[in-house]
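Remarks on the structure that follows.
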Amino acid sequence: MALRARALYDFRSENPGEISLREHEVLSLCSEQDIEGWLEGVNSRGDRGLFPASYVQVIRAPAAEPPPPARYANVPVGGFEPLPPPAAFKPAAQQPPPAAPSQGSDDDWDDDWDDSSTVADEPGALGSSYPDYETAGGGAPGRYRLSTRSDLSLGSRGGSGHPAGHPHPPGGGSAKSSATVSRNLNRFSTFVKSGGEAFVLGEASGFVKDGDKLCVVLGPRGPEWQENPYPFQCSIEDPTKQTKFKGMKSYIAYKLVPSHTGQQVHRRYKHFDWLYGRLAEKFPVISVPHLPEKQATGRFEEDFISKRRKGLAWWMDHMCSHPVLAQCDAFQHFLTCPSTDEKAWKQGKRKAEKDEMVGANFFLTISVPTGPGASLDLQEVESQVDGFKAFTKKMDESALQLNHTANEFARKQVTGFKKEYQKVGHSFKCLSQAFELDQQAFSAGLNQAIAFTAEAYDAIGDLFADQPRQDLDPVMDLLALYQGHLANFPDIIHVQKGALTKVKESKRHVEEGKMELQKAEGIQERCNIISFATLAEINHFHKIRVRDFKSQMQHFLQQQILFFQKVTQKLEEALHKYDSV
């Protein structure tokens, strides 16, 4: 007996892993057990995926084909792993976020930089519910009480009769103001997890301090992040191997010297890793640059240490160049806390981990232009975002191709070209040795000139082998950094697209007389905030991209010119040896 179900309503899939349903359609179920209000099955068109359990009625009847195996059959009720993020930018060489450090590795948090407490143990931590600031009275100077909470008609948890995350079947009253902007049925989408949905639906509330406000301004290219009034840079130098526990454990420490303090601090890779995790969680509409990849073995080899330092230098440059990230409290703590002050480090670390301006509350911190000419045309915004999406897809493909080509060319220079030039040199040397069998004095000059030519070609082979370090490797380092950025933007775009979808839905309710115009305008206003931030991040990406690739292409060509000048010099020296023959 195959498990089947009949669709009671139409359902349109909006996220990866979901399938669409048509009313009265019969589906094959993978399992009768629903997972947080979702079932998995195959529709009449052969598509397989998730759909809301409340949209179908399970029926029992023989089926022509056995049901497909249930992918989620072993997942306990109450939770399952998130669906994969949208793969809109494939074939992106997507760099995964830093993994948890393995036991006994260089990146363990078992030293004097931390203690056993975790943010989950603290009251009011990130994993717990935020306090309801609606009932809080007053506010300290420099703090602003902001709330996007609206009444129950906007889909707040208390008025729908359904728990958060469970789909609402169509139907219901048609009286004005009774309609709700529905929640995304995929509760694991980036739009939901980032807090974007809760913000747009008016459920975020909190106090924003002056120092937490992120300002978007209108520049010549459109919305831009307000520039950092105190720009700075930070060098990463002198990676050194250090030990602790009487030499039982070794690690590499990097010297950081921020220009705005001039005070050096030492940080290990695990400290970079911690900072990246905090920033990636806090800023859902900002592309936090990816760190160089970890390596389980060979961490103390000179080539690896040098390559990682260069990658961290690029990472630090992008952090300092971003108007928002550069001023973030967690980043400033990372740059300025003295390496030897254990207590100060722990306090700053815990403060960053208990930051309440994350999730839906993060969007409260964004301040956008107001007044005449400051509003955004959502259709134009959608067009710009779609254009950027196409741009990043093409850039990702070309970056992958260039990286592959440069890597292959570098390999040929290090092995093939060096070997071939030295084979030519060896052949000339053999010829010179043969000529030396002639003991006549007038041939001695020729023999020496040919022997020198052999040495010149041998030296040219060494030049080819060393050259990728000077020109191609820096290009590939830059491409690796930008591939990380390109891997970030699908999620950023998904948040903005999700907000636009809610606006369109609210407008439809207004046209049907099911929602008051004021409530729909509130949704559009909050969508505008996300759109301003998204466009500001896109403009910053383009600005930094032009700066970086201009500088890197100039460096590449300058190094190529120097290389061929060295080759030419070797050949000219060999040529002059024949003048006296």
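Each chain in the structure tokens gets a letter, A, B and so on, in the order shown; residues start at 1 in every chain, and ligands are counted from 1 in the order they appear.
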
Point to revise | Shell of 7 Å around region 417-429 of chain A, only C-alpha atoms, local chain residues under 5 positions omitted, as a PyMOL selection string | key: chain A and resi 412+450-451+454-455+457-458+460-462+464-465

Residues just named, written with all heavy atoms as a PDB file, in the first residue's frame:
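Output contents, as saved in selection_22.pdb:
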```
ATOM      1  N   LYS A 412      53.548  25.080 -15.239  1.00  0.00           N
ATOM      2  CA  LYS A 412      54.427  24.867 -16.392  1.00  0.00           C
ATOM      3  C   LYS A 412      55.736  25.645 -16.230  1.00  0.00           C
ATOM      4  O   LYS A 412      56.807  25.154 -16.602  1.00  0.00           O
ATOM      5  CB  LYS A 412      53.720  25.301 -17.670  1.00  0.00           C
ATOM      6  CG  LYS A 412      52.578  24.378 -18.091  1.00  0.00           C
ATOM      7  CD  LYS A 412      51.907  24.882 -19.348  1.00  0.00           C
ATOM      8  CE  LYS A 412      50.785  23.949 -19.790  1.00  0.00           C
ATOM      9  NZ  LYS A 412      50.073  24.457 -20.990  1.00  0.00           N
ATOM     10  N   ILE A 450      80.181  29.644 -26.106  1.00  0.00           N
ATOM     11  CA  ILE A 450      79.095  28.651 -26.106  1.00  0.00           C
ATOM     12  C   ILE A 450      78.836  28.150 -24.684  1.00  0.00           C
ATOM     13  O   ILE A 450      77.676  27.956 -24.274  1.00  0.00           O
ATOM     14  CB  ILE A 450      79.443  27.493 -27.055  1.00  0.00           C
ATOM     15  CG1 ILE A 450      79.509  27.992 -28.496  1.00  0.00           C
ATOM     16  CG2 ILE A 450      78.405  26.377 -26.931  1.00  0.00           C
ATOM     17  CD1 ILE A 450      79.923  26.926 -29.502  1.00  0.00           C
ATOM     18  N   ALA A 451      79.914  27.952 -23.911  1.00  0.00           N
ATOM     19  CA  ALA A 451      79.743  27.526 -22.516  1.00  0.00           C
ATOM     20  C   ALA A 451      78.974  28.592 -21.719  1.00  0.00           C
ATOM     21  O   ALA A 451      78.112  28.266 -20.883  1.00  0.00           O
ATOM     22  CB  ALA A 451      81.088  27.251 -21.878  1.00  0.00           C
ATOM     23  N   ALA A 454      75.326  28.388 -22.525  1.00  0.00           N
ATOM     24  CA  ALA A 454      74.704  27.290 -21.785  1.00  0.00           C
ATOM     25  C   ALA A 454      74.331  27.733 -20.369  1.00  0.00           C
ATOM     26  O   ALA A 454      73.228  27.433 -19.868  1.00  0.00           O
ATOM     27  CB  ALA A 454      75.656  26.097 -21.733  1.00  0.00           C
ATOM     28  N   GLU A 455      75.228  28.447 -19.711  1.00  0.00           N
ATOM     29  CA  GLU A 455      74.946  28.945 -18.363  1.00  0.00           C
ATOM     30  C   GLU A 455      73.791  29.948 -18.364  1.00  0.00           C
ATOM     31  O   GLU A 455      72.983  29.983 -17.427  1.00  0.00           O
ATOM     32  CB  GLU A 455      76.204  29.588 -17.792  1.00  0.00           C
ATOM     33  CG  GLU A 455      77.345  28.609 -17.543  1.00  0.00           C
ATOM     34  CD  GLU A 455      78.630  29.309 -17.117  1.00  0.00           C
ATOM     35  OE1 GLU A 455      78.591  30.564 -17.023  1.00  0.00           O
ATOM     36  OE2 GLU A 455      79.642  28.625 -16.885  1.00  0.00           O
ATOM     37  N   TYR A 457      71.180  30.026 -20.401  1.00  0.00           N
ATOM     38  CA  TYR A 457      69.905  29.310 -20.524  1.00  0.00           C
ATOM     39  C   TYR A 457      69.556  28.569 -19.234  1.00  0.00           C
ATOM     40  O   TYR A 457      68.373  28.446 -18.870  1.00  0.00           O
ATOM     41  CB  TYR A 457      69.942  28.355 -21.720  1.00  0.00           C
ATOM     42  CG  TYR A 457      69.491  29.024 -22.991  1.00  0.00           C
ATOM     43  CD1 TYR A 457      70.357  29.833 -23.721  1.00  0.00           C
ATOM     44  CD2 TYR A 457      68.191  28.867 -23.452  1.00  0.00           C
ATOM     45  CE1 TYR A 457      69.950  30.481 -24.866  1.00  0.00           C
ATOM     46  CE2 TYR A 457      67.769  29.497 -24.600  1.00  0.00           C
ATOM     47  CZ  TYR A 457      68.644  30.305 -25.309  1.00  0.00           C
ATOM     48  OH  TYR A 457      68.222  30.951 -26.444  1.00  0.00           O
ATOM     49  N   ASP A 458      70.537  28.090 -18.544  1.00  0.00           N
ATOM     50  CA  ASP A 458      70.294  27.444 -17.262  1.00  0.00           C
ATOM     51  C   ASP A 458      69.741  28.468 -16.252  1.00  0.00           C
ATOM     52  O   ASP A 458      68.798  28.170 -15.502  1.00  0.00           O
ATOM     53  CB  ASP A 458      71.588  26.843 -16.733  1.00  0.00           C
ATOM     54  CG  ASP A 458      71.344  25.873 -15.588  1.00  0.00           C
ATOM     55  OD1 ASP A 458      70.754  24.808 -15.836  1.00  0.00           O
ATOM     56  OD2 ASP A 458      71.733  26.197 -14.449  1.00  0.00           O
ATOM     57  N   ILE A 460      68.140  31.252 -17.057  1.00  0.00           N
ATOM     58  CA  ILE A 460      66.795  31.642 -17.509  1.00  0.00           C
ATOM     59  C   ILE A 460      65.754  30.629 -17.011  1.00  0.00           C
ATOM     60  O   ILE A 460      64.637  31.003 -16.623  1.00  0.00           O
ATOM     61  CB  ILE A 460      66.758  31.778 -19.039  1.00  0.00           C
ATOM     62  CG1 ILE A 460      67.574  33.001 -19.475  1.00  0.00           C
ATOM     63  CG2 ILE A 460      65.324  31.893 -19.546  1.00  0.00           C
ATOM     64  CD1 ILE A 460      67.763  33.135 -20.975  1.00  0.00           C
ATOM     65  N   GLY A 461      66.130  29.358 -17.015  1.00  0.00           N
ATOM     66  CA  GLY A 461      65.229  28.340 -16.474  1.00  0.00           C
ATOM     67  C   GLY A 461      64.899  28.606 -15.016  1.00  0.00           C
ATOM     68  O   GLY A 461      63.739  28.461 -14.591  1.00  0.00           O
ATOM     69  N   ASP A 462      65.884  29.011 -14.222  1.00  0.00           N
ATOM     70  CA  ASP A 462      65.638  29.354 -12.816  1.00  0.00           C
ATOM     71  C   ASP A 462      64.741  30.582 -12.689  1.00  0.00           C
ATOM     72  O   ASP A 462      63.900  30.670 -11.779  1.00  0.00           O
ATOM     73  CB  ASP A 462      66.962  29.596 -12.097  1.00  0.00           C
ATOM     74  CG  ASP A 462      67.759  28.314 -11.889  1.00  0.00           C
ATOM     75  OD1 ASP A 462      67.133  27.237 -11.797  1.00  0.00           O
ATOM     76  OD2 ASP A 462      69.007  28.394 -11.832  1.00  0.00           O
ATOM     77  N   PHE A 464      62.374  31.481 -14.764  1.00  0.00           N
ATOM     78  CA  PHE A 464      60.998  31.029 -15.038  1.00  0.00           C
ATOM     79  C   PHE A 464      60.398  30.349 -13.804  1.00  0.00           C
ATOM     80  O   PHE A 464      59.227  30.559 -13.475  1.00  0.00           O
ATOM     81  CB  PHE A 464      60.976  30.076 -16.232  1.00  0.00           C
ATOM     82  CG  PHE A 464      60.775  30.753 -17.546  1.00  0.00           C
ATOM     83  CD1 PHE A 464      61.843  30.981 -18.400  1.00  0.00           C
ATOM     84  CD2 PHE A 464      59.517  31.175 -17.944  1.00  0.00           C
ATOM     85  CE1 PHE A 464      61.664  31.612 -19.626  1.00  0.00           C
ATOM     86  CE2 PHE A 464      59.321  31.810 -19.162  1.00  0.00           C
ATOM     87  CZ  PHE A 464      60.399  32.034 -20.007  1.00  0.00           C
ATOM     88  N   ALA A 465      61.179  29.520 -13.136  1.00  0.00           N
ATOM     89  CA  ALA A 465      60.662  28.786 -11.978  1.00  0.00           C
ATOM     90  C   ALA A 465      60.307  29.720 -10.831  1.00  0.00           C
ATOM     91  O   ALA A 465      59.359  29.457 -10.070  1.00  0.00           O
ATOM     92  CB  ALA A 465      61.688  27.755 -11.516  1.00  0.00           C
TER      93      ALA A 465
END
```

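By only C-alpha atoms, and with residues fewer than 4 positions from Pro323 (chain A) along its chain excluded, the set lying at most 8 Å from it is Trp225, Gln226, Glu227, Asn228 and Gln327 of chain A.
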
Go ahead and write the selection's residues with N, CA, C and O atoms as a short mmCIF file (atom, residue, chain, number, x, y, z; two decimals), in the first residue's frame.
```cif
data_model
loop_
_atom_site.label_atom_id
_atom_site.label_comp_id
_atom_site.auth_asym_id
_atom_site.auth_seq_id
_atom_site.Cartn_x
_atom_site.Cartn_y
_atom_site.Cartn_z
N TRP A 225 27.34 53.17 1.78
CA TRP A 225 27.59 53.22 3.21
C TRP A 225 28.32 54.52 3.52
O TRP A 225 29.21 54.93 2.78
N GLN A 226 27.94 55.17 4.61
CA GLN A 226 28.62 56.39 5.01
C GLN A 226 30.08 56.09 5.32
O GLN A 226 30.40 55.14 6.04
N GLU A 227 30.97 56.89 4.78
CA GLU A 227 32.40 56.62 4.92
C GLU A 227 32.84 56.68 6.39
O GLU A 227 32.29 57.42 7.19
N ASN A 228 33.85 55.88 6.68
CA ASN A 228 34.44 55.90 8.01
C ASN A 228 35.17 57.23 8.20
O ASN A 228 36.09 57.54 7.43
N GLN A 327 34.43 49.68 11.62
CA GLN A 327 34.04 50.35 12.87
C GLN A 327 33.32 49.43 13.84
O GLN A 327 32.92 49.87 14.92
#
```

Exercise for review: Write out as a PyMOL selection string each polymer residue whose atoms come within 8 Å of Cys527 (chain A), counting only C-alpha atoms; drop sequence neighbours fewer than 2 positions from it.
Suggested key: chain A and resi 200+496+499-500+503+523-525+529-531

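Between Glu32 (chain A) and the candidates A:Leu3, A:Leu463, A:Leu325, A:Val265, the tightest atom-to-atom separation, counting only C-alpha atoms, involves A:Leu3.
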